[in-house]
Structures are given as structure tokens and as C-alpha cells.
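> A single structure is presented below for examination.
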Amino acid sequence: MTSTLDETATTPTDGGVPELTHWIGGRATPGGSGIYGDVTNPATGEVSARVPFASAEEVLDAVAAARAAFPAWRDTSLARRTSILFRFRELLNARAGELAELITAEHGKVLSDAAGEVARGQEVVEFACGMPHLLKGGSTENASTGVDVHSVRQPLGVVGIISPFNFPAMVPMWFFPIAIAAGNTVVLKPSEKVPSAALWMAELWREAGLPDGVFNVVNGDKVAVDGLLTSPDVRSISFVGSTPIARYIYETGTAHGKRVQALGGAKNHMVVLPDADLDLAADQAVNAGFGSAGERCMAISALVAVGDCADTLVGKIAERARGLRTGDGRRSCDMGPLVTKAAQDRVSGYVDAGEREGATVVVDGRNGEFDADGQGFFVGPTLLDHVGTDMSVYTDEIFGPVLSVVRVDSYTEAVDLINANPYGNGTAIFTNDGGAARRFQNEVEVGMIGVNVPVPVPMAYYSFGGWKNSLFGDTHAHGTEGVHFFTRGKVITTRWLDPSHAGLNLGFPTNA
Ligand code: NAD
């Protein structure tokens with residue numbers, strides 16, 4: 001049988017590769033649908049495991065386990081809940097290297113980058129360890145005569161998380177530490193391309209002492225996603241992925257009465273003004289354009305060179321890009337492969353199209369030398385100059401190591417370009433002019449902005465999220481917005497009788 005998703009789906013065979021599971025009710029649960037996908041090591045092209053794709057019934061099993069665990073978990077004291085989070089943090093600190101290796105083996109990013117992803121996820125665990133403080137409500141004595149008012153925030157119940165391939169650990173960790181600390185129970189559906197990190201983290205939760213059923217993982221495709229979107233027992237959906245799917249998730253989830261935050265794709269611009277330090281700008285353009293092979297939603301894909309700095313800047317970026325080593329992320333390389341053969345073909349196809357449409361290919365990653373064995377899915381760093389805003393390399397999210405240089409004459413033209421773009425995830429300006437930077441942060445219609453910082457991913461205690469087609473819903477991830485998303489408010493008005501109690505009054509309550 002085939003799955004409803006893409007090229008990874010296979011029928012079961014005795015191919016000798018390990019078979020992964022789901023994680024339901026505190027146990028590894030073998031798949032029962034008979035549908036599997038291949039998990040591939042992108043650096044070698046070898047199939048490393050088979051992942052089961054959950055049927056609708058299996059999703060309901062996971063939701064039922066989470067629902068059964070909810071009453072006891074929400075009534076568990078905050079002190080006990082957070083002590084489990086602290087243990088999870090300690091275990092993760094001790095074993096972060098293992099998780100990074102798993103990520104590299106399935107995603108392809110280099111080990112140091114995978115370790116960085118784990119560290120950024122860990123920050124959210126640490127933020128969620130402060131949940132007792134974050135959940136404190138307000139209290140007013142004597143709001144009316146003899147009447148007190150206080151507010152509390154309570155967990156939603158079962159929450160669903162659906163994550164993309166490019167951050168197998170960090171993106172789920174944007175959500176589940178906060179959800180769990182706030183008293184919810186979780187069903188996570190990771191990307192079918194990188195399922196092992198989620199299963200590894202489920203085992204870590206068990207070791208940390210999390211009660212069975214509080215954290216569940218269902219692997220799979222659209223069937224699993226739709227099961228979560230339509231189940232009446234799932235109260236919210238936190239989704240991260242491409243824009244068309246994010247829109248679908250938002251529309252379907254809200255139509256089924258759920259609270260939804262759906263983070264979508266991106267096209268991030270980096271503006272370089274003529275007064276900028278061009279060496280710093282070139283370093284950062286390379287880091288942000290080619291780190292993780294461009295498979296980051298905060299990657300810089302369009303470099304907007306303002307005025308007469310363009311020739312020098314392109315030269316400096318080209319020199320740096322040519323010096324990068326691309327290969328197996330387990331070796332000492334700067335950049336790994338793309339996640340699948342389909343991704344490799346898609347990215348190369350965009351470079352072909354850019355060249356056909358008139359862009360100058362300054363550095364060509366289509367046929368480079370790669371430090372890897374086997375048939376990995378490599379495209380080296382690619383730099384395109386003289387890119388026009390009507391070319392597909394500019395209009396589409398490529399999600400690969402392709403940096404497009406667009407030349408403009410003025411700051412205003414640069415800002416107009418960004419504001420006309422349908423995405424609004426991240427952007428950066430490079431300048432030594434504080435006034436220009438201040439104007440930029442005020443005028444640009446984007447959710448996350450860097451000033452001489454190319455990948456401005458907010459710390460865990462701020463919230464992560466874009467504008468426009470980069471986020472559907474109105475709540476960003478983690479920080480206080482995350483706490484708000486995973487809880488709902490109640491206001492309690494209290495009067496305890498005392499000798500001044502004053503009999504009947506049918507008027508509307510006022511603050512008398
Ligand atoms: P994707 O949209 O293909 O998949 C995301 C999730 O949706 C996966 O779990 C997948 O199994 C599921 N899915 C795929 N097709 C589906 C369908 N037809 N119906 C229901 N579910 C479906 O995204 P991806 O390729 O895994 O990740 C890359 C994308 O994610 C890029 O567009 C990137 O910009 C975006 N992203 C955004 C952010 C952000 O914070 N805005 C962060 C990371 C990644």
C-alpha cells in the first residue's frame with residue numbers, strides 16, 4: 001500500500017532495515033496500518049529505517065491515551081510537574097550528543113548545527129521550568145464592597161503538534177515543554193522524513209518520570225494529520241511547515257473548533273546598505289544563506305544590495321562560498337546534503353530556471369565536489385546575481401543553499417520589496433547607521449528582525465513567529481504567547497458573607 005504523501009512511502013518488505021514505531025501511552029507501539037515510509041540518510045542515500053504511517057484508528061488510540069492521562073496530569077502539582085521538566089533538562093544535557101547524531105543521520109545537517117538545534121530547543125524546556133511563575137494570575141481585593149476577584153489560567157486538554165523535517169527536535173520543543181508544564185497532554189506527529197528524534201525524546205520523558213500518556217507520538221502522513229485535525233478530543237493544533245499546508249491546517253483545524261497556530265514558509269531578505277561593514281555582511285550572508293543547506297525557515301535567501309556596494313559584496317560572498325566544504329555532516333564539513341533526492345532535484349531545477357531567466361550564476365553548486373560516500377543528495381553553495389523579482393528563484397521559497405542577489409538603488413526600494421512579498425517571517429538589515437536601522441524596524445512588515453544579525457531567532461522567553469503567509473492564527477510560538485496558547489483564562493469573583501451582607505439587589509453588578 002502507498003501513503004498519501006510523497007516519494008518516501010513504500011510497502012513493507014523484509015529489507016533488513018529497522019522498523020520504527022509510534023509511542024502511545026508510554027510505550028513503543030508497532031504500526032498496524034501496513035503502510036510504511038522509508039527513512040533515508042541524505043548523505044549516503046541509504047535507507048536507514050522504515051517508519052509506520054498511522055491509520056485514523058491509531059491516531060484515535062493516541063488521542064485516547066492522552067485524554068485518559070489528562071485529568072491526573074492537570075491535577076498534578078506545579079512543583080511535581082516542573083520537577084519532571086528539570087529532570088528532562090538534565091537528561092537532555094547529559095545526552096544531547098546522541099540526539100544531535102540522530103538528527104544528522106536523518107536530516108543531513110552537520111553535527112555542530114544539529115547540536116545547536118538541540119540547545120535552542122533546550123532553552124524552551126528551561127523557560128517552561130518557570131511555569132509556576134508564568135501561570136500566576138492576578139488578584140484584586142475589594143473590587144466591589146466585600147468582593148474579591150482573581151484570575152487563573154488552566155490547561156486545554158489534549159493538544160496536537162505537527163512538525164516539519166528541518167528541525168526534528170527544536171520545533172517540537174518550541175511547543176511541548178510549555179504544553180506539558182501547563183498541564184496539557186500531547187500527541188506529536190513528526191515529519192515522516194525524520195521520525196527518530198521524536199521517539200528518542202519520548203523515551204527521555206519516560207526516564208524523566210513523565211506519567212504514561214502525557215506525551216505520545218504518532219508517525220505518519222496526511223491521514224495522521226487529518227486524524228488530529230478532526231478529533232473532537234484534540235483542543236489545539238500547533239503546526240509548522242510549508243505555507244499551503246499551514247493554510248490547510250488553519251482552515252480545517254478552526255472549522256473543527258480548535259485553537260490553531262500554523263507557522264508557514266518564508267522568503268527572508270537581508271538588506272545591505274552601502275555604509276555597512278561589507279566583510280561582516282559577507283560572512284553573515286554566507287552563514288545565513290548556506291547554514292543547514294538553506295533548509296531553515298529563517299535562512300536568508302534574498303540579499304538586497306543597496307547602491308554601489310553590490311559588486312564588492314558579491315565578490316566577498318563568492319570568495320567565502322567557494323571555500324565551504326560540503327559533505328557528510330558526520331565529517332568535518334560546513335554544509336550537509338538536502339533532505340531527499342526530490343529536494344535536491346527541486347533546488348537544482350530552480351538554479352537552472354534562474355540561469356535560463358537571466359540571472360548570473362556566480363557560484364554553481366549543482367556539480368560540486370562532495371565529501372561523502374554513496375549517492376547523497378548534495379547541492380553545493382550557489383550564488384546568483386542580477387536576480388529579477390519576476391524570476392522563480394526570487395518569487396518561490398527554494399529551501400536550499402541558493403542565495404539570490406537583488407540589486408536596488410535605495411533604502412526605500414529595498415523596504416518596498418520586502419513589504420510587497422507575501423511572506424513575512426524574518427529579515428535583517430546590515431548598516432552602521434542607527435537611524436536607518438531604527439526606521440527599518442519600524443517600517444518593515446515582518447515578524448522577526450535582525451540589525452546586523454542575519455538569523456534573528458528570538459530567545460525562548462520571547463515569541464517566535466512571522467507575519468502574512470508565514471503564520472496563520474494570531475499566537476506565536478513559545479514565550480508568553482506560547483503559555484497563553486496552551487492555557488485558557490478564568491476570572492473568579494468571590495464574596496464571603498460577613499455581617500454587612502445587604503440582602504436583595506436585582507441591578508447589574510457594579511463596583512459600588
Ligand atoms: P511540509 O509542509 O511538507 O510538512 C510539514 C508537516 O505537515 C509534516 O509533518 C508533514 O507530514 C505534514 N504534511 C505534509 N503534507 C501534508 C498534507 N498534504 N496534509 C497534511 N499534512 C501534511 O513542510 P516540510 O517540508 O516538512 O518543512 C519545510 C517547510 O516548513 C518550509 O516551507 C519551511 O519554511 C517551513 N518551516 C517554517 C517554520 C516557521 O517557523 N515558520 C519553521 C520551520 C520550517
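By convention in this document, the chains of the C-alpha cells carry letters A, B, ... by their order, each chain's residues are numbered from 1, and ligands are numbered from 1 in the order they are shown.
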DSSP on the backbone, alpha helix (DSSP H) only: what residues of segment 109-240 of chain A does that give? Format it as an MDAnalysis selection string.

chainID A and resid 111:128 131:134 170:181 196:208 222:230

> Using only C-alpha atoms and all ligand atoms, find each residue with an atom at most 8 Å away from ligand 1 and format the answer as a VMD selection string.

chain A and resid 4 to 5 162 to 167 171 189 to 193 220 to 226 239 to 246 248 to 249 263 to 267 295 to 298 397 399 425 464 to 466 470 to 471

> Just want the 12 Å neighbourhood of Gly434 of chain A, counted on only C-alpha atoms, with same-chain residues fewer than 3 positions away dropped. Output as a ChimeraX atom specification.

/A:273,275-276,429-431,437-441,451-452

> If you run DSSP on the backbone, which residues of segment 178-370 of chain A are strand (DSSP E or B), as a PyMOL selection string?

chain A and resi 185-189+215-217+234-240+259-263+268-272+300-306+326-327+335+360-363

> Kindly give the distance, in Å, that separates atom CA of Asn419 of chain A and atom CA of Asp385 of chain A, rounded to a single decimal.

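Separation of atom CA of Asn419 of chain A and atom CA of Asp385 of chain A: 21.3 Å.
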
> With a cut-off of 12 Å, could you pull out the residues of segment 180-238 of chain A touching segment 157-160 of chain A and give me the nearest pair of atoms for each, distance in Å to one decimal, using only C-alpha atoms, ordered by chain and ascending number, as CSV?


```
residue,atom,partner,partner_atom,distance
A:Ile180,CA,A:Val159,CA,9.4
A:Ala182,CA,A:Gly157,CA,10.0
A:Gly183,CA,A:Gly157,CA,7.8
A:Asn184,CA,A:Gly157,CA,5.0
A:Thr185,CA,A:Val158,CA,4.9
A:Val186,CA,A:Val159,CA,5.0
A:Val187,CA,A:Gly160,CA,5.0
A:Leu188,CA,A:Gly160,CA,5.9
A:Lys189,CA,A:Gly160,CA,7.7
A:Pro190,CA,A:Gly160,CA,10.6
A:Gly213,CA,A:Val158,CA,10.2
A:Val214,CA,A:Val158,CA,8.8
A:Phe215,CA,A:Val158,CA,9.8
A:Asn216,CA,A:Gly160,CA,9.6
A:Val217,CA,A:Gly160,CA,9.8
A:Val218,CA,A:Gly160,CA,10.3
A:Ala224,CA,A:Gly160,CA,10.8
A:Val225,CA,A:Gly160,CA,9.1
A:Asp226,CA,A:Gly160,CA,11.0
A:Gly227,CA,A:Gly160,CA,10.1
A:Leu228,CA,A:Gly160,CA,6.5
A:Leu229,CA,A:Gly160,CA,8.2
A:Thr230,CA,A:Gly160,CA,10.9
A:Ser231,CA,A:Gly160,CA,10.1
A:Pro232,CA,A:Val158,CA,9.8
A:Asp233,CA,A:Val158,CA,6.6
A:Val234,CA,A:Val158,CA,5.1
A:Arg235,CA,A:Val159,CA,5.5
A:Ser236,CA,A:Val159,CA,5.0
A:Ile237,CA,A:Gly160,CA,4.7
A:Ser238,CA,A:Gly160,CA,6.3
```

> So, counting only C-alpha atoms, which residue among A:Pro177, A:Pro195, A:Pro18, A:Gly209 is closest to Cys129 of chain A?

A:Pro177

> Could you pull the residues within 12 Å of Leu91 of chain A, counting only C-alpha atoms, minus those fewer than 2 positions along the same chain, as a list in words?

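Near neighbours after the sequence-gap exclusion: Ile84, Leu85, Phe86, Arg87, Phe88, Arg89, Asn93, Ala94, Arg95, Ala96, Gly97, Glu98, Leu99, Gln122, Val125, Trp200, Met201, Glu203, Leu204, Trp205, Arg206, Glu207, Ala208 and Gly209 of chain A.
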
> Between A:Gly482, A:Gly380, A:Gly435, A:Gly34, which is the closest to Tyr462 of chain A once you count only C-alpha atoms?

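That would be A:Gly482, the residue with the smallest distance to Tyr462 of chain A.
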
> Using only C-alpha atoms, what table do you get, as a tab-separated table, when you list each residue of segment 309-383 of chain A with an atom no more than 12 Å from segment 35-55 of chain A, its nearest pair of atoms, and their distance in Å rounded to one decimal, rows by chain then rising number?


```
residue	atom	partner	partner_atom	distance
A:Thr326	CA	A:Ala43	CA	10.2
A:Gly327	CA	A:Ala43	CA	7.0
A:Asp328	CA	A:Ala43	CA	5.1
A:Gly329	CA	A:Ala43	CA	7.3
A:Arg330	CA	A:Ala43	CA	9.0
A:Arg331	CA	A:Ala43	CA	10.4
A:Cys333	CA	A:Ala43	CA	11.6
A:Met335	CA	A:Ala43	CA	10.7
A:Gly336	CA	A:Ala43	CA	7.1
A:Pro337	CA	A:Ala43	CA	5.7
A:Leu338	CA	A:Pro42	CA	6.6
A:Val339	CA	A:Pro42	CA	5.5
A:Thr340	CA	A:Pro42	CA	6.1
A:Lys341	CA	A:Pro42	CA	8.0
A:Ala342	CA	A:Pro42	CA	11.0
A:Ala343	CA	A:Pro42	CA	10.3
A:Gln344	CA	A:Pro42	CA	9.9
A:Phe370	CA	A:Ala43	CA	9.6
A:Asp371	CA	A:Ala43	CA	9.2
A:Ala372	CA	A:Ala43	CA	6.5
A:Asp373	CA	A:Thr44	CA	5.8
A:Gly374	CA	A:Thr44	CA	4.6
A:Gln375	CA	A:Gly45	CA	5.0
A:Gly376	CA	A:Ala43	CA	4.3
A:Phe377	CA	A:Pro42	CA	5.7
A:Phe378	CA	A:Ala43	CA	7.6
A:Val379	CA	A:Ala43	CA	11.2
```

> With a distance cut-off of 8 Å and only C-alpha atoms, select the neighbouring residues of segment 303-313 of chain A, excluding the residue or stretch itself and same-chain residues fewer than 5 positions from it, and output the selection as a list in words.

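The neighbour list is His269, Met270, Val271, Val272, Leu273, Pro274, Leu278, Asp279, Ala281, Ala282, Ala285, Leu403, Ser404, Val405, Val406, Arg407, Val408, Asp409, Ser410, Tyr411 and Ala414 of chain A.
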
> To one decimal place in Å, what is the distance between atom CA of Thr382 of chain A and atom CA of Leu280 of chain A?

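Straight-line distance from atom CA of Thr382 of chain A to atom CA of Leu280 of chain A works out to 19.3 Å.
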
> Give me the residues near segment 140-147 of chain A as a PyMOL selection string, where near means some atom within 8 Å (using only C-alpha atoms) and where sequence neighbours in that chain fewer than 4 positions away do not count.

chain A and resi 493-496+510-512
